[in-house]
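Note: the block below is run.cif and it holds mmCIF, C-alpha atoms.
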```cif
data_data
loop_
_atom_site.label_atom_id
_atom_site.label_comp_id
_atom_site.auth_asym_id
_atom_site.auth_seq_id
_atom_site.Cartn_x
_atom_site.Cartn_y
_atom_site.Cartn_z
CA MET A 1 -37.24 -86.94 25.70
CA ALA A 2 -38.25 -86.33 29.31
CA GLN A 3 -41.96 -86.28 29.82
CA ALA A 4 -43.41 -82.86 30.57
CA VAL A 5 -46.20 -82.52 33.10
CA ALA A 6 -49.56 -81.69 31.51
CA ALA A 7 -50.90 -78.31 32.52
CA GLY A 8 -53.22 -78.49 35.50
CA GLN A 9 -52.09 -82.00 36.45
CA LYS A 10 -51.75 -82.16 40.19
CA LEU A 11 -48.97 -84.60 40.96
CA TRP A 12 -48.40 -83.95 44.62
CA SER A 13 -51.94 -83.91 46.00
CA GLY A 14 -51.96 -87.60 46.73
CA GLY A 15 -53.75 -90.47 45.07
CA LYS A 16 -51.06 -91.10 42.48
CA SER A 17 -47.30 -91.53 42.17
CA PRO A 18 -45.86 -88.02 41.67
CA PHE A 19 -43.12 -89.35 39.42
CA ASN A 20 -45.52 -91.58 37.51
CA VAL A 21 -43.53 -94.72 38.31
CA GLU A 22 -44.31 -97.63 40.53
CA TYR A 23 -43.02 -97.41 44.10
CA GLY A 24 -40.69 -100.42 43.73
CA LYS A 25 -39.06 -98.98 40.64
CA LEU A 26 -38.45 -95.62 42.33
CA MET A 27 -36.95 -97.36 45.34
CA MET A 28 -34.69 -99.40 43.08
CA TRP A 29 -33.41 -96.15 41.56
CA TYR A 30 -32.61 -94.74 45.00
CA PHE A 31 -30.94 -97.95 46.10
CA LEU A 32 -28.78 -97.74 42.96
CA MET A 33 -27.91 -94.15 43.90
CA SER A 34 -26.64 -95.35 47.27
CA ASP A 35 -24.70 -98.18 45.65
CA ALA A 36 -23.27 -95.70 43.15
CA PHE A 37 -21.91 -93.64 46.01
CA THR A 38 -20.36 -96.75 47.57
CA PHE A 39 -18.58 -97.68 44.35
CA GLY A 40 -17.76 -94.04 43.81
CA ALA A 41 -16.15 -93.90 47.23
CA PHE A 42 -14.03 -96.97 46.45
CA LEU A 43 -12.93 -95.70 43.05
CA ILE A 44 -12.22 -92.19 44.27
CA SER A 45 -10.18 -93.53 47.18
CA TYR A 46 -8.23 -95.55 44.61
CA GLY A 47 -7.64 -92.36 42.65
CA THR A 48 -6.56 -90.50 45.78
CA ILE A 49 -3.99 -93.13 46.72
CA ARG A 50 -2.72 -93.24 43.15
CA PHE A 51 -2.41 -89.44 43.03
CA SER A 52 -0.49 -89.56 46.30
CA SER A 53 1.98 -92.12 44.93
CA ASN A 54 5.13 -91.19 43.09
CA SER A 55 4.74 -94.04 40.64
CA TRP A 56 2.38 -96.90 39.81
CA PRO A 57 2.46 -100.17 37.80
CA ASP A 58 1.73 -99.98 34.09
CA PRO A 59 -1.61 -101.69 33.36
CA ASN A 60 -0.37 -102.68 29.91
CA GLN A 61 2.36 -104.74 31.58
CA VAL A 62 0.21 -106.20 34.34
CA PHE A 63 -2.92 -107.09 32.39
CA ARG A 64 -1.65 -108.65 29.24
CA SER A 65 -2.56 -112.28 29.54
CA PHE A 66 -5.23 -114.10 27.57
CA PRO A 67 -6.54 -117.61 28.07
CA ILE A 68 -5.34 -120.39 25.77
CA VAL A 69 -2.56 -118.40 24.07
CA GLY A 70 -0.14 -119.16 26.87
CA GLU A 71 2.65 -116.66 27.45
CA MET A 72 1.94 -114.42 24.47
CA PRO A 73 1.25 -110.92 25.78
CA ILE A 74 -1.82 -109.18 24.35
CA PRO A 75 -2.45 -106.09 26.47
CA LEU A 76 -6.06 -105.24 27.23
CA ALA A 77 -7.54 -107.96 25.00
CA PHE A 78 -9.03 -110.03 27.77
CA VAL A 79 -10.63 -107.11 29.55
CA SER A 80 -12.06 -105.95 26.20
CA LEU A 81 -13.72 -109.33 25.87
CA MET A 82 -15.17 -109.00 29.37
CA THR A 83 -16.51 -105.52 28.61
CA PHE A 84 -18.10 -106.76 25.40
CA ILE A 85 -19.75 -109.68 27.19
CA LEU A 86 -21.23 -107.44 29.87
CA ILE A 87 -22.52 -104.82 27.42
CA MET A 88 -24.10 -107.58 25.32
CA SER A 89 -25.82 -108.97 28.40
CA SER A 90 -27.14 -105.48 29.11
CA VAL A 91 -28.62 -105.38 25.61
CA THR A 92 -30.29 -108.77 26.05
CA MET A 93 -31.65 -107.52 29.37
CA VAL A 94 -33.26 -104.50 27.68
CA LEU A 95 -34.73 -106.81 25.07
CA ALA A 96 -36.17 -108.92 27.91
CA VAL A 97 -37.79 -105.81 29.37
CA GLY A 98 -39.13 -104.95 25.92
CA ALA A 99 -40.63 -108.41 25.57
CA GLY A 100 -42.20 -107.88 28.99
CA HIS A 101 -43.95 -104.77 27.71
CA GLN A 102 -45.53 -106.92 25.01
CA ASN A 103 -46.45 -109.53 27.64
CA ASP A 104 -44.45 -111.99 25.55
CA ARG A 105 -43.60 -114.67 28.13
CA LYS A 106 -41.46 -116.79 25.82
CA GLY A 107 -39.54 -113.74 24.62
CA VAL A 108 -38.79 -112.68 28.17
CA MET A 109 -37.56 -116.16 29.01
CA LYS A 110 -35.32 -116.29 25.97
CA TRP A 111 -33.67 -112.91 26.62
CA MET A 112 -33.34 -113.50 30.36
CA PHE A 113 -31.61 -116.79 29.58
CA PHE A 114 -29.05 -115.02 27.39
CA THR A 115 -28.54 -112.33 30.03
CA ILE A 116 -27.83 -114.98 32.66
CA LEU A 117 -25.41 -116.68 30.27
CA GLY A 118 -23.59 -113.39 29.73
CA GLY A 119 -23.36 -112.81 33.46
CA LEU A 120 -21.95 -116.28 34.08
CA ALA A 121 -19.45 -115.83 31.24
CA PHE A 122 -18.28 -112.55 32.78
CA LEU A 123 -17.88 -114.18 36.20
CA GLY A 124 -15.90 -116.99 34.59
CA CYS A 125 -13.60 -114.49 32.90
CA GLN A 126 -13.08 -112.54 36.11
CA ALA A 127 -12.29 -115.79 37.94
CA TRP A 128 -9.71 -116.64 35.28
CA GLU A 129 -8.14 -113.19 35.57
CA TRP A 130 -7.93 -113.46 39.36
CA THR A 131 -6.47 -116.97 39.22
CA HIS A 132 -3.91 -115.97 36.64
CA LEU A 133 -2.79 -112.91 38.60
CA HIS A 134 -2.66 -114.93 41.80
CA HIS A 135 -0.40 -117.48 40.15
CA GLU A 136 1.94 -114.62 39.30
CA GLY A 137 2.08 -113.76 42.98
CA ALA A 138 -0.57 -111.07 43.25
CA TRP A 139 -3.03 -111.03 46.15
CA TRP A 140 -4.20 -108.80 48.99
CA GLY A 141 -0.95 -107.78 50.65
CA SER A 142 1.21 -109.17 47.86
CA ASN A 143 2.29 -107.26 44.75
CA PRO A 144 4.84 -108.83 42.38
CA PHE A 145 4.73 -106.02 39.82
CA MET A 146 7.15 -103.12 39.42
CA ASN A 147 6.15 -99.51 38.96
CA ILE A 148 6.29 -98.10 35.46
CA ASP A 149 9.54 -96.27 36.31
CA GLY A 150 11.20 -99.46 37.59
CA THR A 151 10.87 -98.69 41.29
CA GLN A 152 9.41 -100.98 43.96
CA SER A 153 5.62 -100.86 43.89
CA THR A 154 3.19 -100.81 46.81
CA THR A 155 0.63 -103.42 47.84
CA ASN A 156 -1.99 -100.67 47.45
CA PHE A 157 -2.10 -101.65 43.79
CA THR A 158 -3.22 -105.24 44.29
CA ASN A 159 -5.29 -104.42 47.38
CA PHE A 160 -7.41 -101.95 45.47
CA PHE A 161 -7.60 -104.15 42.37
CA PHE A 162 -8.87 -107.24 44.14
CA THR A 163 -11.16 -105.35 46.51
CA ILE A 164 -12.92 -103.28 43.86
CA THR A 165 -13.16 -105.95 41.17
CA GLY A 166 -14.23 -108.38 43.90
CA PHE A 167 -16.97 -106.06 45.13
CA HIS A 168 -18.11 -105.58 41.55
CA GLY A 169 -17.95 -109.33 40.88
CA PHE A 170 -20.11 -109.86 43.95
CA HIS A 171 -22.70 -107.52 42.44
CA VAL A 172 -22.57 -109.43 39.15
CA PHE A 173 -23.04 -112.66 41.06
CA SER A 174 -26.04 -111.38 43.00
CA GLY A 175 -27.42 -109.96 39.75
CA VAL A 176 -27.17 -113.36 38.11
CA ILE A 177 -29.01 -114.92 41.07
CA ILE A 178 -31.75 -112.29 40.80
CA ASN A 179 -32.01 -112.88 37.06
CA ILE A 180 -32.31 -116.64 37.58
CA ILE A 181 -35.13 -116.02 40.04
CA MET A 182 -36.79 -113.71 37.49
CA LEU A 183 -36.49 -116.43 34.85
CA ILE A 184 -38.10 -119.00 37.11
CA MET A 185 -40.91 -116.62 38.04
CA THR A 186 -41.52 -115.85 34.37
CA TRP A 187 -41.58 -119.53 33.52
CA LYS A 188 -44.10 -120.22 36.28
CA GLY A 189 -46.40 -117.53 34.94
CA VAL A 190 -46.23 -115.24 38.00
CA PHE A 191 -46.06 -112.13 35.84
CA ASP A 192 -48.84 -113.23 33.51
CA GLN A 193 -50.98 -113.56 36.61
CA LYS A 194 -50.05 -110.10 37.87
CA GLY A 195 -50.67 -108.62 34.44
CA HIS A 196 -47.33 -106.84 34.20
CA TYR A 197 -43.61 -107.54 33.97
CA LEU A 198 -42.49 -104.65 36.17
CA MET A 199 -40.27 -106.88 38.25
CA ILE A 200 -38.20 -107.65 35.16
CA GLU A 201 -37.74 -103.91 34.70
CA LYS A 202 -36.48 -103.52 38.25
CA ALA A 203 -34.07 -106.42 37.86
CA GLY A 204 -33.06 -104.78 34.58
CA LEU A 205 -32.18 -101.52 36.35
CA TYR A 206 -29.92 -103.44 38.74
CA TRP A 207 -28.24 -105.27 35.87
CA HIS A 208 -27.59 -102.07 33.93
CA PHE A 209 -26.12 -100.55 37.06
CA VAL A 210 -23.69 -103.47 37.30
CA ASP A 211 -22.68 -102.84 33.68
CA LEU A 212 -22.32 -99.12 34.38
CA VAL A 213 -19.99 -99.75 37.31
CA TRP A 214 -17.88 -102.06 35.17
CA VAL A 215 -17.43 -99.27 32.60
CA PHE A 216 -15.89 -97.11 35.35
CA VAL A 217 -13.84 -99.91 36.92
CA PHE A 218 -12.49 -100.88 33.50
CA THR A 219 -11.47 -97.30 32.80
CA CYS A 220 -9.84 -96.69 36.19
CA PHE A 221 -7.80 -99.88 36.39
CA TYR A 222 -7.03 -100.77 32.79
CA LEU A 223 -7.00 -97.52 30.84
CA LEU A 224 -5.94 -94.67 33.11
CA MET B 1 -49.28 -98.81 49.70
CA ASP B 2 -50.56 -99.66 46.28
CA HIS B 3 -54.09 -98.35 46.76
CA THR B 4 -52.93 -94.76 47.10
CA HIS B 5 -51.46 -94.34 43.63
CA SER B 6 -51.67 -95.72 40.11
CA THR B 7 -51.65 -99.50 40.10
CA PRO B 8 -48.52 -101.21 38.76
CA THR B 9 -50.41 -102.37 35.68
CA GLU B 10 -51.28 -98.79 34.82
CA ALA B 11 -47.75 -97.62 35.51
CA ALA B 12 -46.35 -100.38 33.30
CA HIS B 13 -48.36 -99.37 30.27
CA ASP B 14 -48.41 -95.63 30.87
CA ASP B 15 -45.06 -94.90 29.27
CA GLY B 16 -46.07 -92.05 27.00
CA HIS B 17 -43.94 -93.50 24.19
CA SER B 18 -43.41 -96.85 22.51
CA PHE B 19 -40.52 -99.11 23.39
CA SER B 20 -38.04 -98.91 20.54
CA THR B 21 -35.73 -101.83 19.77
CA LYS B 22 -34.01 -99.64 17.20
CA ALA B 23 -32.89 -97.11 19.84
CA ILE B 24 -31.49 -99.96 21.94
CA TRP B 25 -29.35 -101.38 19.14
CA ARG B 26 -28.25 -97.89 18.16
CA THR B 27 -27.09 -97.36 21.75
CA PHE B 28 -25.28 -100.71 21.64
CA TRP B 29 -23.33 -99.65 18.54
CA ILE B 30 -22.48 -96.29 20.12
CA LEU B 31 -21.15 -98.03 23.24
CA LEU B 32 -19.20 -100.54 21.18
CA ILE B 33 -17.63 -97.90 18.95
CA ILE B 34 -16.59 -95.71 21.88
CA THR B 35 -15.03 -98.73 23.62
CA VAL B 36 -13.20 -99.88 20.48
CA VAL B 37 -11.82 -96.38 19.90
CA GLU B 38 -10.62 -96.19 23.51
CA LEU B 39 -8.91 -99.56 23.24
CA ALA B 40 -7.35 -98.70 19.89
CA LEU B 41 -5.93 -95.48 21.35
CA ALA B 42 -4.66 -97.35 24.42
CA ILE B 43 -2.90 -99.99 22.33
CA TRP B 44 -1.54 -97.41 19.90
CA TYR B 45 -0.16 -95.47 22.86
CA TYR B 46 1.40 -98.67 24.19
CA GLU B 47 3.20 -99.20 20.89
CA THR B 48 4.20 -95.66 19.96
CA ASP B 49 3.65 -93.20 22.83
CA PHE B 50 2.10 -90.81 20.35
CA LEU B 51 0.28 -88.55 22.86
CA PRO B 52 1.03 -87.40 26.41
CA LYS B 53 -0.66 -89.81 28.82
CA HIS B 54 -2.62 -87.01 30.52
CA PHE B 55 -4.24 -86.07 27.24
CA LEU B 56 -5.09 -89.69 26.54
CA ASN B 57 -6.54 -90.05 30.04
CA GLY B 58 -8.78 -87.09 29.33
CA ILE B 59 -10.10 -88.85 26.24
CA PHE B 60 -10.73 -92.01 28.27
CA VAL B 61 -12.64 -90.10 30.93
CA ILE B 62 -14.80 -88.35 28.36
CA GLY B 63 -15.48 -91.66 26.59
CA THR B 64 -16.44 -93.28 29.89
CA LEU B 65 -18.80 -90.45 30.80
CA ALA B 66 -20.40 -90.68 27.36
CA LYS B 67 -20.95 -94.42 27.81
CA ALA B 68 -22.37 -93.86 31.28
CA PHE B 69 -24.76 -91.27 29.92
CA PHE B 70 -26.04 -93.63 27.22
CA ILE B 71 -26.43 -96.59 29.57
CA ILE B 72 -28.39 -94.53 32.09
CA ALA B 73 -30.48 -92.62 29.57
CA GLU B 74 -31.35 -95.46 27.16
CA PHE B 75 -30.82 -98.84 28.81
CA MET B 76 -32.12 -97.68 32.17
CA HIS B 77 -34.70 -95.56 30.40
CA LEU B 78 -34.12 -92.48 32.55
CA ARG B 79 -34.37 -90.15 29.57
CA TYR B 80 -38.05 -90.98 29.17
CA GLU B 81 -39.10 -90.46 32.77
CA LEU B 82 -40.67 -87.37 34.29
CA LYS B 83 -38.24 -84.48 34.51
CA ASN B 84 -38.56 -84.26 38.30
CA LEU B 85 -37.49 -87.88 38.67
CA ILE B 86 -34.48 -87.26 36.46
CA MET B 87 -33.58 -84.33 38.71
CA THR B 88 -33.73 -86.41 41.90
CA ILE B 89 -31.09 -88.67 40.36
CA GLY B 90 -29.06 -86.09 38.47
CA ILE B 91 -28.63 -83.39 41.09
CA PRO B 92 -27.24 -85.59 43.88
CA ALA B 93 -24.96 -87.15 41.26
CA MET B 94 -23.45 -83.69 40.77
CA LEU B 95 -21.99 -84.22 44.23
CA PHE B 96 -19.62 -86.61 42.52
CA LEU B 97 -17.94 -83.75 40.72
CA TRP B 98 -16.93 -82.11 43.97
CA PHE B 99 -16.13 -85.52 45.51
CA LEU B 100 -13.75 -86.49 42.73
CA GLY B 101 -12.05 -83.11 42.45
CA ALA B 102 -11.60 -82.63 46.17
CA PHE B 103 -10.10 -86.03 46.83
CA LEU B 104 -7.77 -86.13 43.86
CA TRP B 105 -6.55 -82.65 44.83
CA ASP B 106 -6.03 -83.92 48.35
CA GLY B 107 -4.10 -86.95 47.12
CA ASN B 108 -1.88 -84.77 45.00
CA SER B 109 -1.28 -82.42 47.91
CA PHE B 110 -0.34 -85.37 50.09
CA LYS B 111 2.19 -86.49 47.51
CA ASN B 112 3.76 -83.04 47.34
CA LEU B 113 3.89 -82.60 51.11
CA ARG B 114 5.41 -86.03 51.57
CA ASN B 115 8.01 -85.42 48.88
CA ASN B 116 8.92 -82.10 50.44
CA TYR B 117 9.14 -83.17 54.07
CA ASP B 118 9.83 -86.91 54.08
CA ARG B 119 13.28 -87.57 52.64
CA ASN B 120 13.10 -91.26 53.41
CA HIS B 121 9.98 -91.54 51.29
CA VAL B 122 11.63 -89.75 48.38
CA GLU B 123 14.68 -92.01 48.54
CA GLN B 124 12.59 -95.16 48.80
CA SER B 125 10.54 -94.23 45.76
CA LYS B 126 13.68 -93.50 43.73
CA LYS B 127 15.22 -96.95 44.31
CA VAL B 128 15.13 -98.80 41.01
CA VAL B 129 14.57 -102.53 41.40
CA LYS B 130 16.19 -104.85 38.86
CA GLU B 131 13.85 -106.98 36.77
CA LYS B 132 14.00 -110.51 38.24
CA GLU B 133 14.15 -113.74 36.20
CA GLY B 134 11.05 -115.93 36.14
CA LYS B 135 8.57 -115.44 38.94
CA HIS B 136 8.72 -112.00 40.55
CA GLU B 137 9.44 -111.88 44.23
CA ALA B 138 6.15 -110.79 45.75
CA LYS B 139 6.10 -107.79 48.07
CA LYS B 140 5.19 -108.92 51.55
CA PRO B 141 2.42 -107.49 53.78
CA GLY B 142 3.08 -104.55 56.02
CA ALA B 143 5.27 -102.93 53.36
CA MET B 144 2.80 -100.16 52.45
CA GLU B 145 4.44 -96.80 51.79
#
```

Just dump the structure as structure tokens.
Amino acid sequence: MAQAVAAGQKLWSGGKSPFNVEYGKLMMWYFLMSDAFTFGAFLISYGTIRFSSNSWPDPNQVFRSFPIVGEMPIPLAFVSLMTFILIMSSVTMVLAVGAGHQNDRKGVMKWMFFTILGGLAFLGCQAWEWTHLHHEGAWWGSNPFMNIDGTQSTTNFTNFFFTITGFHGFHVFSGVIINIIMLIMTWKGVFDQKGHYLMIEKAGLYWHFVDLVWVFVFTCFYLL
Amino acid sequence: MDHTHSTPTEAAHDDGHSFSTKAIWRTFWILLIITVVELALAIWYYETDFLPKHFLNGIFVIGTLAKAFFIIAEFMHLRYELKNLIMTIGIPAMLFLWFLGAFLWDGNSFKNLRNNYDRNHVEQSKKVVKEKEGKHEAKKPGAME
């Protein structure tokens, strides 16, 4: 559980980190807080617009395509696959951090490689989803879907969908780039030289954040 | 910067507990099971309509919050940090509760006010559109309600 402070330990008198973490890691946490509020603002504005609308498209009707099977509708299957891929890549990321604690360079490289693969697979899936929806006529400013009660739907639906999943996809993309850089640095022995793999931990925090946001995006757009 | 507090090497190995692969895989299974249950309920609802949607939504929200808790606590390791650090993350996050409630309330109020005072809006949103053959006619820009 949470670490308790030993009696008599002066944390705030200077000379040491009062939270017992490295400066960069603390700053990564606070950056993630700010990013969480940005995503939160987007998702809550989506909720507000939806609450202010008399009706809305049914996600089971809109998101029911799956690659390869053609026109057969399988609601939610594709997004389940995407969620699974991203959670798996989060697990491999934690395993990379764990290998870093053991100073196991080869282990770190192996798990980072799988994490990058997962990230690229997710981006590929998201690209497929976007392309498929676009071919059905959906885009910013263009909504071909009806509301669940059969009435004409608003472009708010597609605007929010593409903006928020796009913003999230951009984070996944930048996370993959960061992870590739981490892999290269590990391979070159930068962390062995420093004596610690803390940078992998910080990249890990960012990657888990990306996964966390996806959990919320997935719920808001596909489930609720 | 670095010379004023514990060096990164010390901080890296000063965890106070051992890294546990078992806890990570346990968390993975918890996340997977929650997600599978949510999806099963969603698909079951799609087929049979067995529960009011609001109730189902409540289950989804609780499932999502549970997943978020596990990802932050275990994957991001926050559970094992100093309590004060956890507080600096957790307490501002409580702002979200007000944020969410206030804005959804506002959205709902907007809907009610508009339905009460804007007859054109009510009529527009009651117009049923016939299902078109083949490719749907896309709604053009500038047609926001």

Nearby residues, (5.2, -113.4, 27.1) file frame, 12 Å, only C-alpha atoms, as an NGL selection string: (:A and (61-66 or 69-75)) or (:B and (134))

Output of the above residues as a compact mmCIF listing (two decimals), in the frame of the given file, restricted to C-alpha atoms:
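Output file out01.txt follows:
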```txt
# COMPACT_ATOMS: atom_id res chain seq x y z
CA GLN A 61 2.36 -104.74 31.58
CA VAL A 62 0.21 -106.20 34.34
CA PHE A 63 -2.92 -107.09 32.39
CA ARG A 64 -1.65 -108.65 29.24
CA SER A 65 -2.56 -112.28 29.54
CA PHE A 66 -5.23 -114.10 27.57
CA VAL A 69 -2.56 -118.40 24.07
CA GLY A 70 -0.14 -119.16 26.87
CA GLU A 71 2.65 -116.66 27.45
CA MET A 72 1.94 -114.42 24.47
CA PRO A 73 1.25 -110.92 25.78
CA ILE A 74 -1.82 -109.18 24.35
CA PRO A 75 -2.45 -106.09 26.47
CA GLY B 134 11.05 -115.93 36.14
```

Selected residue of minimal separation from chain B among A:Val172, A:Ala121, A:Cys220, A:Leu205, counting only C-alpha atoms: A:Leu205

Hits of the PyMOL selection byres ((chain B and resi 96) around 12) in this structure, as number ranges by chain: A: 33, 36-41, 43-44; B: 89-95, 97-104

Residues matched by the PyMOL selection byres ((chain A and resi 169) around 12), written as number ranges by chain: A: 82, 86, 119-127, 129-130, 161-168, 170-176, 210-211, 213-214, 217

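For the pair CA of Phe75 (chain B) and CA of Lys22 (chain B), the interatomic distance is 12.1 Å.
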
Chain and number of each residue from the PyMOL selection byres ((chain B and resi 60-64) around 8), as a ChimeraX atom specification: /A:215-216,219,223-224 /B:34-35,38,56-59,65-68

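When only C-alpha atoms are used to compute distances to Asn115 (chain B), the closest of the residues A:Ser45, A:Thr151, A:Asn156, A:Ser53 turns out to be A:Ser53.
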
Residue list for chain A near chain B as a PyMOL selection string, 6 Å, all atoms listed in the file: chain A and resi 1-3+15-17+19+21-22+48+51-52+137+141-144+150-152+154+196+205+224

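Between CA of Ile116 (chain A) and CA of Pro67 (chain A) the separation is 21.9 Å.
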
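CA of His134 (chain A) lies 27.9 Å from CA of Phe209 (chain A).
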
Top pick for closest residue to Trp29 (chain B), considering A:Phe31, A:Trp140, A:Phe84, A:Trp12 and counting only C-alpha atoms: A:Phe84

Protein and nucleic acid residues near (-45.6, -114.0, 24.7) (cut-off 12 Å, all atoms listed in the file) as a VMD selection string: chain A and resid 96 98 to 110 186 to 187 189 191 to 192 197

Suppose we keep C-alpha atoms; can you now write the selection as a short mmCIF file (atom, residue, chain, number, x, y, z; two decimals), keeping the file's coordinate frame?
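What follows is the written file selection38.cif:
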```cif
data_model
loop_
_atom_site.label_atom_id
_atom_site.label_comp_id
_atom_site.auth_asym_id
_atom_site.auth_seq_id
_atom_site.Cartn_x
_atom_site.Cartn_y
_atom_site.Cartn_z
CA ALA A 96 -36.17 -108.92 27.91
CA GLY A 98 -39.13 -104.95 25.92
CA ALA A 99 -40.63 -108.41 25.57
CA GLY A 100 -42.20 -107.88 28.99
CA HIS A 101 -43.95 -104.77 27.71
CA GLN A 102 -45.53 -106.92 25.01
CA ASN A 103 -46.45 -109.53 27.64
CA ASP A 104 -44.45 -111.99 25.55
CA ARG A 105 -43.60 -114.67 28.13
CA LYS A 106 -41.46 -116.79 25.82
CA GLY A 107 -39.54 -113.74 24.62
CA VAL A 108 -38.79 -112.68 28.17
CA MET A 109 -37.56 -116.16 29.01
CA LYS A 110 -35.32 -116.29 25.97
CA THR A 186 -41.52 -115.85 34.37
CA TRP A 187 -41.58 -119.53 33.52
CA GLY A 189 -46.40 -117.53 34.94
CA PHE A 191 -46.06 -112.13 35.84
CA ASP A 192 -48.84 -113.23 33.51
CA TYR A 197 -43.61 -107.54 33.97
#
```
